[in-house]
file query_30.txt (compact mmCIF, C-alpha atoms and all ligand atoms)
# COMPACT_ATOMS: atom_id res chain seq x y z
CA MET A 1 40.62 -26.17 -9.14
CA ALA A 2 38.64 -29.10 -10.46
CA VAL A 3 38.79 -31.90 -7.92
CA GLY A 4 37.07 -35.28 -8.27
CA ASP A 5 34.46 -36.40 -5.77
CA PRO A 6 36.52 -38.10 -3.05
CA THR A 7 33.59 -40.22 -1.95
CA VAL A 8 33.38 -42.02 -5.28
CA ARG A 9 36.71 -43.72 -5.76
CA THR A 10 38.83 -43.00 -2.76
CA THR A 11 38.96 -43.71 0.93
CA PRO A 12 40.28 -41.42 3.66
CA ALA A 13 43.75 -42.62 4.48
CA VAL A 14 44.03 -41.14 7.89
CA ASN A 15 42.41 -44.15 9.56
CA GLU A 16 44.07 -46.71 7.37
CA THR A 17 47.59 -45.38 7.58
CA GLY A 18 47.48 -43.92 11.07
CA GLU A 19 49.22 -40.85 9.69
CA GLY A 20 48.44 -37.33 10.83
CA THR A 21 46.96 -34.69 8.58
CA SER A 22 50.34 -33.14 7.80
CA THR A 23 51.38 -36.12 5.67
CA ILE A 24 50.78 -35.23 2.02
CA LEU A 25 52.02 -38.53 0.57
CA GLN A 26 52.33 -42.00 2.05
CA THR A 27 53.11 -45.21 0.20
CA ARG A 28 52.48 -48.60 1.76
CA ASP A 29 54.32 -51.70 0.55
CA LEU A 30 54.49 -50.14 -2.89
CA ARG A 31 55.83 -52.63 -5.39
CA LYS A 32 56.52 -52.64 -9.12
CA GLU A 33 57.82 -55.63 -11.01
CA PHE A 34 58.87 -55.66 -14.64
CA GLY A 35 58.85 -59.37 -15.49
CA GLY A 36 61.36 -60.89 -13.07
CA LEU A 37 62.84 -57.51 -12.07
CA THR A 38 61.63 -55.72 -8.93
CA ALA A 39 62.06 -52.00 -9.65
CA THR A 40 60.15 -50.85 -6.55
CA ASP A 41 60.49 -53.19 -3.59
CA ASP A 42 57.76 -52.74 -0.95
CA VAL A 43 58.48 -49.05 -0.41
CA ASP A 44 56.92 -47.25 2.60
CA LEU A 45 57.68 -43.59 2.11
CA ALA A 46 56.04 -40.59 3.79
CA VAL A 47 56.39 -36.96 2.76
CA GLU A 48 55.02 -34.12 4.87
CA GLU A 49 53.18 -31.05 3.59
CA SER A 50 55.64 -28.36 2.44
CA GLU A 51 58.56 -30.77 2.76
CA LEU A 52 61.32 -30.85 0.18
CA ARG A 53 62.45 -34.46 -0.14
CA CYS A 54 65.29 -35.58 -2.38
CA LEU A 55 65.53 -39.12 -3.76
CA ILE A 56 69.04 -40.27 -4.51
CA GLY A 57 70.62 -43.60 -5.42
CA PRO A 58 72.66 -45.24 -8.15
CA ASN A 59 71.48 -45.74 -11.72
CA GLY A 60 68.70 -48.31 -11.83
CA ALA A 61 67.85 -47.92 -8.11
CA GLY A 62 64.18 -47.32 -8.96
CA LYS A 63 63.91 -43.55 -8.53
CA SER A 64 62.05 -42.79 -11.77
CA THR A 65 59.85 -45.86 -11.40
CA PHE A 66 58.79 -44.63 -7.96
CA LEU A 67 57.80 -41.19 -9.30
CA ASN A 68 55.97 -42.80 -12.21
CA LEU A 69 53.93 -44.84 -9.74
CA ILE A 70 53.00 -41.64 -7.87
CA THR A 71 51.86 -39.87 -11.06
CA GLY A 72 49.92 -42.93 -12.24
CA ARG A 73 52.03 -43.33 -15.35
CA LEU A 74 52.79 -46.84 -14.08
CA GLU A 75 50.44 -49.19 -12.25
CA PRO A 76 51.87 -50.85 -9.14
CA THR A 77 52.10 -54.62 -8.92
CA ALA A 78 51.06 -54.33 -5.24
CA GLY A 79 50.73 -51.80 -2.45
CA SER A 80 48.96 -48.48 -1.94
CA ILE A 81 49.49 -44.76 -2.44
CA TYR A 82 47.78 -42.28 -0.14
CA TYR A 83 47.81 -38.61 -1.10
CA ASP A 84 46.24 -35.80 0.90
CA ARG A 85 44.56 -38.46 3.11
CA PHE A 86 42.95 -40.39 0.23
CA ASP A 87 43.83 -43.67 -1.41
CA ILE A 88 44.73 -42.70 -4.99
CA THR A 89 46.23 -46.06 -5.98
CA GLY A 90 43.62 -46.73 -8.67
CA LEU A 91 43.15 -43.17 -9.93
CA PRO A 92 44.13 -42.29 -13.51
CA SER A 93 46.93 -39.75 -13.99
CA HIS A 94 44.68 -36.86 -15.01
CA GLU A 95 42.67 -37.15 -11.79
CA ARG A 96 45.89 -37.08 -9.78
CA VAL A 97 46.86 -33.87 -11.61
CA ASP A 98 43.48 -32.35 -10.78
CA ARG A 99 44.02 -33.26 -7.13
CA GLY A 100 47.34 -31.41 -7.10
CA ILE A 101 50.14 -33.78 -8.10
CA SER A 102 52.27 -32.32 -10.90
CA MET A 103 55.50 -33.50 -12.43
CA LYS A 104 58.30 -31.98 -14.42
CA PHE A 105 59.82 -34.73 -16.49
CA GLN A 106 63.47 -35.05 -17.41
CA VAL A 107 62.64 -34.84 -21.12
CA PRO A 108 61.83 -31.30 -22.36
CA SER A 109 58.12 -30.70 -22.81
CA LEU A 110 57.96 -27.06 -23.95
CA TYR A 111 56.04 -26.07 -27.05
CA GLU A 112 58.91 -24.50 -28.96
CA GLU A 113 56.74 -22.49 -31.35
CA PHE A 114 54.89 -20.88 -28.43
CA THR A 115 55.99 -17.87 -26.39
CA VAL A 116 56.75 -18.14 -22.69
CA ARG A 117 53.28 -16.76 -21.89
CA GLN A 118 51.55 -19.22 -24.24
CA ASN A 119 53.42 -22.17 -22.75
CA LEU A 120 52.41 -21.16 -19.25
CA ARG A 121 48.80 -20.70 -20.31
CA ILE A 122 48.49 -24.45 -21.03
CA PRO A 123 48.63 -25.58 -17.38
CA LEU A 124 46.93 -22.41 -16.09
CA GLN A 125 43.89 -23.06 -18.32
CA ARG A 126 43.48 -26.36 -16.55
CA ALA A 127 43.98 -25.15 -13.01
CA VAL A 128 42.72 -21.58 -12.58
CA GLU A 129 39.83 -19.35 -13.69
CA SER A 130 40.47 -17.29 -16.83
CA ASP A 131 40.11 -13.95 -15.03
CA VAL A 132 43.30 -14.65 -13.06
CA PHE A 133 45.40 -15.97 -16.00
CA GLU A 134 47.28 -12.74 -16.50
CA ALA A 135 47.95 -12.07 -12.82
CA ARG A 136 49.08 -15.64 -12.13
CA THR A 137 51.20 -15.70 -15.32
CA ARG A 138 53.07 -12.60 -14.19
CA GLU A 139 53.37 -13.80 -10.61
CA LEU A 140 54.85 -17.13 -11.67
CA LEU A 141 57.18 -15.61 -14.28
CA ASP A 142 58.36 -13.13 -11.69
CA GLN A 143 59.06 -15.95 -9.22
CA PHE A 144 60.97 -17.85 -11.91
CA ASP A 145 62.85 -14.74 -13.11
CA LEU A 146 61.32 -14.94 -16.59
CA LEU A 147 59.09 -11.87 -16.66
CA THR A 148 61.21 -9.98 -19.18
CA GLU A 149 60.99 -13.01 -21.51
CA ILE A 150 57.16 -13.19 -21.33
CA ASP A 151 56.61 -12.62 -25.06
CA GLU A 152 59.77 -14.35 -26.29
CA PRO A 153 59.49 -17.68 -28.11
CA ALA A 154 60.48 -20.66 -25.95
CA THR A 155 63.24 -21.49 -28.45
CA SER A 156 65.05 -18.22 -27.67
CA LEU A 157 65.51 -19.16 -23.99
CA SER A 158 68.76 -20.53 -22.59
CA HIS A 159 68.75 -24.10 -21.24
CA GLY A 160 68.55 -22.75 -17.69
CA GLN A 161 65.60 -20.50 -18.58
CA GLN A 162 63.83 -23.40 -20.30
CA GLN A 163 64.24 -25.53 -17.18
CA ARG A 164 62.79 -22.70 -15.09
CA LEU A 165 59.85 -22.32 -17.48
CA GLU A 166 59.13 -26.05 -17.28
CA ILE A 167 59.08 -25.93 -13.49
CA ALA A 168 56.88 -22.81 -13.68
CA MET A 169 54.50 -24.79 -15.94
CA ALA A 170 54.35 -27.59 -13.36
CA MET A 171 53.58 -24.90 -10.77
CA GLY A 172 50.87 -23.54 -13.10
CA LEU A 173 48.85 -26.64 -12.28
CA GLU A 174 48.63 -25.27 -8.72
CA PRO A 175 50.04 -28.44 -7.13
CA LYS A 176 50.32 -29.44 -3.50
CA LEU A 177 52.96 -31.99 -4.45
CA MET A 178 55.49 -31.40 -7.20
CA LEU A 179 57.69 -34.18 -8.58
CA LEU A 180 60.91 -33.17 -10.32
CA ASP A 181 63.16 -35.59 -12.18
CA GLU A 182 66.71 -34.17 -12.27
CA PRO A 183 65.75 -30.49 -12.59
CA VAL A 184 69.34 -29.21 -12.77
CA ALA A 185 70.85 -31.78 -15.15
CA GLY A 186 73.18 -29.99 -17.56
CA LEU A 187 72.95 -26.61 -15.79
CA SER A 188 75.86 -24.42 -14.67
CA VAL A 189 76.65 -23.85 -10.99
CA GLU A 190 74.96 -20.41 -11.16
CA GLU A 191 71.86 -21.77 -12.90
CA THR A 192 71.69 -24.60 -10.35
CA ALA A 193 71.87 -22.16 -7.43
CA GLU A 194 69.11 -20.07 -9.01
CA ILE A 195 66.79 -23.09 -9.26
CA ALA A 196 67.61 -23.99 -5.63
CA ASP A 197 66.60 -20.47 -4.56
CA ILE A 198 63.37 -20.60 -6.54
CA LEU A 199 62.32 -24.00 -5.16
CA GLN A 200 62.93 -22.84 -1.60
CA THR A 201 60.94 -19.66 -2.20
CA ILE A 202 58.00 -21.63 -3.62
CA GLN A 203 58.17 -24.09 -0.76
CA ALA A 204 58.05 -21.27 1.78
CA LYS A 205 55.51 -19.02 0.04
CA GLU A 206 53.14 -21.50 -1.56
CA GLY A 207 53.49 -24.45 0.83
CA VAL A 208 54.20 -26.93 -1.96
CA ALA A 209 55.84 -30.26 -1.09
CA PHE A 210 58.49 -31.62 -3.44
CA ILE A 211 60.02 -34.95 -4.30
CA VAL A 212 63.16 -34.31 -6.32
CA ILE A 213 65.26 -37.00 -7.99
CA GLU A 214 68.79 -35.71 -8.15
CA HIS A 215 72.33 -36.95 -8.73
CA ASP A 216 73.94 -33.57 -7.98
CA ILE A 217 74.72 -33.84 -4.25
CA ASP A 218 75.66 -30.15 -3.98
CA PHE A 219 72.16 -29.28 -5.17
CA VAL A 220 70.63 -31.82 -2.77
CA GLU A 221 72.59 -30.18 0.03
CA MET A 222 71.16 -26.77 -0.93
CA ILE A 223 67.50 -27.79 -1.02
CA ALA A 224 66.68 -31.01 0.86
CA ASP A 225 64.82 -31.13 4.16
CA ARG A 226 65.25 -34.88 4.09
CA VAL A 227 66.92 -37.36 1.77
CA THR A 228 65.81 -40.89 0.89
CA VAL A 229 68.44 -43.21 -0.56
CA LEU A 230 67.05 -45.92 -2.83
CA ASP A 231 68.96 -49.07 -3.72
CA GLN A 232 67.70 -51.98 -5.80
CA GLY A 233 64.15 -50.67 -5.56
CA GLY A 234 64.06 -50.40 -1.75
CA ILE A 235 64.77 -47.67 0.80
CA PHE A 236 68.41 -48.05 1.86
CA THR A 237 68.31 -45.22 4.39
CA GLU A 238 66.64 -41.87 5.10
CA GLY A 239 67.64 -38.76 7.01
CA THR A 240 68.98 -35.26 6.73
CA ILE A 241 71.65 -34.64 4.11
CA GLU A 242 74.24 -34.63 6.92
CA GLU A 243 73.04 -38.00 8.25
CA VAL A 244 72.93 -39.57 4.82
CA THR A 245 76.26 -38.27 3.57
CA SER A 246 78.06 -39.19 6.79
CA ASN A 247 76.83 -42.79 6.54
CA PRO A 248 79.92 -44.72 5.35
CA ASP A 249 77.87 -47.16 3.26
CA VAL A 250 76.11 -44.32 1.48
CA LYS A 251 79.43 -42.55 0.91
CA ARG A 252 81.08 -45.65 -0.48
CA ILE A 253 78.23 -47.03 -2.55
CA TYR A 254 76.25 -43.99 -3.66
CA LEU A 255 78.55 -41.03 -3.62
CA GLY A 256 81.65 -42.82 -4.88
CA GLU A 257 83.75 -41.73 -1.90
CA ASP A 258 85.92 -44.09 0.10
CA ASP A 259 86.89 -41.82 2.99
N1 LIG B 301 59.40 -49.99 -18.51
C1 LIG B 301 60.33 -50.79 -18.02
N2 LIG B 301 60.43 -52.08 -18.40
C2 LIG B 301 61.36 -52.91 -17.88
N3 LIG B 301 62.27 -52.54 -16.95
C3 LIG B 301 62.23 -51.27 -16.53
C4 LIG B 301 61.28 -50.33 -17.04
N4 LIG B 301 61.49 -49.13 -16.43
C5 LIG B 301 62.52 -49.30 -15.58
N5 LIG B 301 62.97 -50.59 -15.64
C6 LIG B 301 64.06 -51.15 -14.86
O1 LIG B 301 63.75 -50.92 -13.49
C7 LIG B 301 64.93 -50.59 -12.76
C8 LIG B 301 64.76 -49.23 -12.12
O2 LIG B 301 64.79 -48.25 -13.15
P1 LIG B 301 64.59 -46.70 -12.85
O3 LIG B 301 64.63 -46.00 -14.16
O4 LIG B 301 63.40 -46.50 -11.99
O5 LIG B 301 65.90 -46.36 -12.02
P2 LIG B 301 66.53 -44.94 -11.65
O6 LIG B 301 66.99 -45.03 -10.24
O7 LIG B 301 65.58 -43.86 -12.00
O8 LIG B 301 67.80 -44.90 -12.61
P3 LIG B 301 68.55 -43.61 -13.29
O9 LIG B 301 69.24 -42.89 -12.18
O10 LIG B 301 69.53 -44.28 -14.21
O11 LIG B 301 67.52 -42.81 -14.00
C9 LIG B 301 66.09 -50.66 -13.75
O12 LIG B 301 66.69 -51.93 -13.66
C10 LIG B 301 65.40 -50.48 -15.10
O13 LIG B 301 66.12 -51.10 -16.13

call {"tool": "encode", "arguments": {"input": "query_30.txt", "output": "C-alpha cells"}}
result
Amino acid sequence: MAVGDPTVRTTPAVNETGEGTSTILQTRDLRKEFGGLTATDDVDLAVEESELRCLIGPNGAGKSTFLNLITGRLEPTAGSIYYDRFDITGLPSHERVDRGISMKFQVPSLYEEFTVRQNLRIPLQRAVESDVFEARTRELLDQFDLLTEIDEPATSLSHGQQQRLEIAMAMGLEPKLMLLDEPVAGLSVEETAEIADILQTIQAKEGVAFIVIEHDIDFVEMIADRVTVLDQGGIFTEGTIEEVTSNPDVKRIYLGEDD
C-alpha cells in the first residue's frame, strides 16, 4: 500500500494525545462552523483498533459533518485529528485514503456500466499489487456473498447486493478504518442482518475498525461495540448499546420512546 512519508507532514500523536497504540482514531476539540452554525462542537472522540463504533443522534446532530472531517472532505474550523498515531488534520483526502481511511457514502457510487469485478478493480488498483487482484477480488466477493455475480453488470444487482458491493469496494482500499454512512438504509430485515454479519466477520478477520452512522437501532444493537450519541454537534453520551438505550434522556430525545 502506498503510504506517505510520515516524517514530512505529520507528527506522532502518541506523545501529544497520551493515547496508547491501540487507539486508531482520536479527535481533539474538533470543531466545524458553517457561518454562525456549529455543526461539530469541540468533539473529543477515540476509536480503538478493530472497534465497531456506531454514531447515532437526531437529524442535524452533526454525524455526517464529523465523518466528512475525518475523511478530509471538510476542513475543521479548529481542533485536531490523530489517526494511527499521526496528526492528519492538514492532510488532503487522497493521502488519508492511502493511509487506510476509506468511506462508503450514503449516495450510490457504483459504475453502473461496469461488472461487479470491474467495479471492485477500481479500489484494488489503488491499494494492492496487480498480481493479487484476482485472488483479492474473489476473497472479497466471497466475504460479501457476491462471488456468483462476479461478471454481472452492477445494474443487475438488487439494492442489497449493490450496498454490499459498495462496502466491498471500500474494503478494496485495504483500510484500517472504514467509515459507513447509513449502510442499511432502505434494506429489508434479512438484507440488514446479512450486512451485520459481514461487518462483524471483517472486523474479526481483518481487524478493521468502523465508524458507522446509523438510524436503525436494531442494526446498531447487532453490530456496535460502543455507541456515541451526538446532539447539536457535541457528544451527548457514549457507552454500550445497553447503556445508551437505557439512558432515559437518550430514549426520550433520540429514540422517540417515552417509557
Ligand atoms: N455544507 C454545509 N453548509 C451549511 N450547513 C451545513 C452544511 N453541512 C451541514 N450543515 C448543517 O450542519 C448541521 C449538521 O448537519 P449533518 O448533516 O452533519 O447532521 P447529521 O447528524 O448527519 O444529520 P442527518 O441524520 O439528517 O443526516 C445541520 O444543521 C446542517 O444543516

call {"tool": "residues_around", "arguments": {"input": "query_30.txt", "residues": "A:Leu157", "least_positions_apart": "2", "cutoff": "12 Å", "atoms": "all atoms listed in the file", "output": "list in words"}}
result
Leu110, Glu112, Glu113, Phe114, Thr115, Val116, Leu146, Thr148, Glu149, Ile150, Asp151, Glu152, Pro153, Ala154, Thr155, His159, Gly160, Gln161, Gln162, Gln163, Arg164, Leu165 and Glu166 of chain A

call {"tool": "residues_near_point", "arguments": {"input": "query_30.txt", "point": "(62.6, -27.7, 1.4)", "cutoff": "7 Å", "atoms": "only C-alpha atoms", "output": "list of chain:residue names"}}
result
A:Glu51, A:Leu52, A:Arg53, A:Gln200, A:Gln203, A:Ile223, A:Ala224, A:Asp225

call {"tool": "closest_residue", "arguments": {"input": "query_30.txt", "among": "A:Val208, A:Val227, A:Met169, A:Leu199", "to": "A:Ala46", "atoms": "all atoms listed in the file"}}
result
A:Val227

call {"tool": "closest_residue", "arguments": {"input": "query_30.txt", "among": "A:Glu48, A:Asp181, A:Glu194, A:Glu95", "to": "A:Leu67", "atoms": "only C-alpha atoms"}}
result
A:Asp181

call {"tool": "closest_residue", "arguments": {"input": "query_30.txt", "among": "A:Arg31, A:Arg126, A:Lys63, A:Lys205", "to": "ligand LIG 301 (chain B)", "atoms": "all atoms listed in the file"}}
result
A:Lys63

call {"tool": "residues_near_ligand", "arguments": {"input": "query_30.txt", "ligand": "ligand LIG 301 (chain B)", "cutoff": "12 Å", "atoms": "all atoms listed in the file", "output": "NGL selection string"}}
result
:A and (31-41 or 55-69 or 73-75 or 105-107 or 180-182 or 185 or 212-216 or 228-235 or 254)

call {"tool": "atom_distance", "arguments": {"input": "query_30.txt", "atom1": "atom CA of A:Phe219", "atom2": "atom CA of A:Val189"}}
result
9.1 Å

call {"tool": "closest_residue", "arguments": {"input": "query_30.txt", "among": "A:Asn247, A:Ser188, A:Gln118, A:Thr71", "to": "A:Ser158", "atoms": "all atoms listed in the file"}}
result
A:Ser188

call {"tool": "closest_residue", "arguments": {"input": "query_30.txt", "among": "A:Glu134, A:Tyr82, A:Ser156, A:Gly172", "to": "A:Leu120", "atoms": "all atoms listed in the file"}}
result
A:Gly172

call {"tool": "atom_distance", "arguments": {"input": "query_30.txt", "atom1": "atom CA of A:Met171", "atom2": "atom CA of A:Ala193"}}
result
18.8 Å

call {"tool": "atom_distance", "arguments": {"input": "query_30.txt", "atom1": "atom CA of A:Thr89", "atom2": "atom CA of A:Pro175"}}
result
18.1 Å

call {"tool": "closest_residue", "arguments": {"input": "query_30.txt", "among": "A:Glu243, A:Asp218, A:Glu206, A:Glu190", "to": "A:Leu140", "atoms": "only C-alpha atoms"}}
result
A:Glu206

call {"tool": "axis_aligned_box", "arguments": {"input": "query_30.txt", "around": "stretch 59-73 of chain A", "padding_each_side": "6 Å", "output": "lines of an AutoDock Vina configuration file"}}
result
center_x = 60.7
center_y = -44.1
center_z = -11.6
size_x = 33.6
size_y = 20.4
size_z = 19.5

call {"tool": "residues_around", "arguments": {"input": "query_30.txt", "residues": "A:Arg96", "least_positions_apart": "5", "cutoff": "10 Å", "atoms": "all atoms listed in the file", "output": "VMD selection string"}}
result
chain A and resid 3 to 4 70 to 72 83 88 to 91 101 to 102 175

call {"tool": "write_last_selection", "arguments": {"input": "query_30.txt", "atoms": "C-alpha atoms", "output": "short mmCIF file (atom, residue, chain, number, x, y, z; two decimals), in the coordinates of the input"}}
result
data_model
loop_
_atom_site.label_atom_id
_atom_site.label_comp_id
_atom_site.auth_asym_id
_atom_site.auth_seq_id
_atom_site.Cartn_x
_atom_site.Cartn_y
_atom_site.Cartn_z
CA VAL A 3 38.79 -31.90 -7.92
CA GLY A 4 37.07 -35.28 -8.27
CA ILE A 70 53.00 -41.64 -7.87
CA THR A 71 51.86 -39.87 -11.06
CA GLY A 72 49.92 -42.93 -12.24
CA TYR A 83 47.81 -38.61 -1.10
CA ILE A 88 44.73 -42.70 -4.99
CA THR A 89 46.23 -46.06 -5.98
CA GLY A 90 43.62 -46.73 -8.67
CA LEU A 91 43.15 -43.17 -9.93
CA ILE A 101 50.14 -33.78 -8.10
CA SER A 102 52.27 -32.32 -10.90
CA PRO A 175 50.04 -28.44 -7.13
#

call {"tool": "residues_around", "arguments": {"input": "query_30.txt", "residues": "A:Phe133", "least_positions_apart": "5", "cutoff": "12 Å", "atoms": "all atoms listed in the file", "output": "ChimeraX atom specification"}}
result
/A:117-118,120-128,138-141,172-173
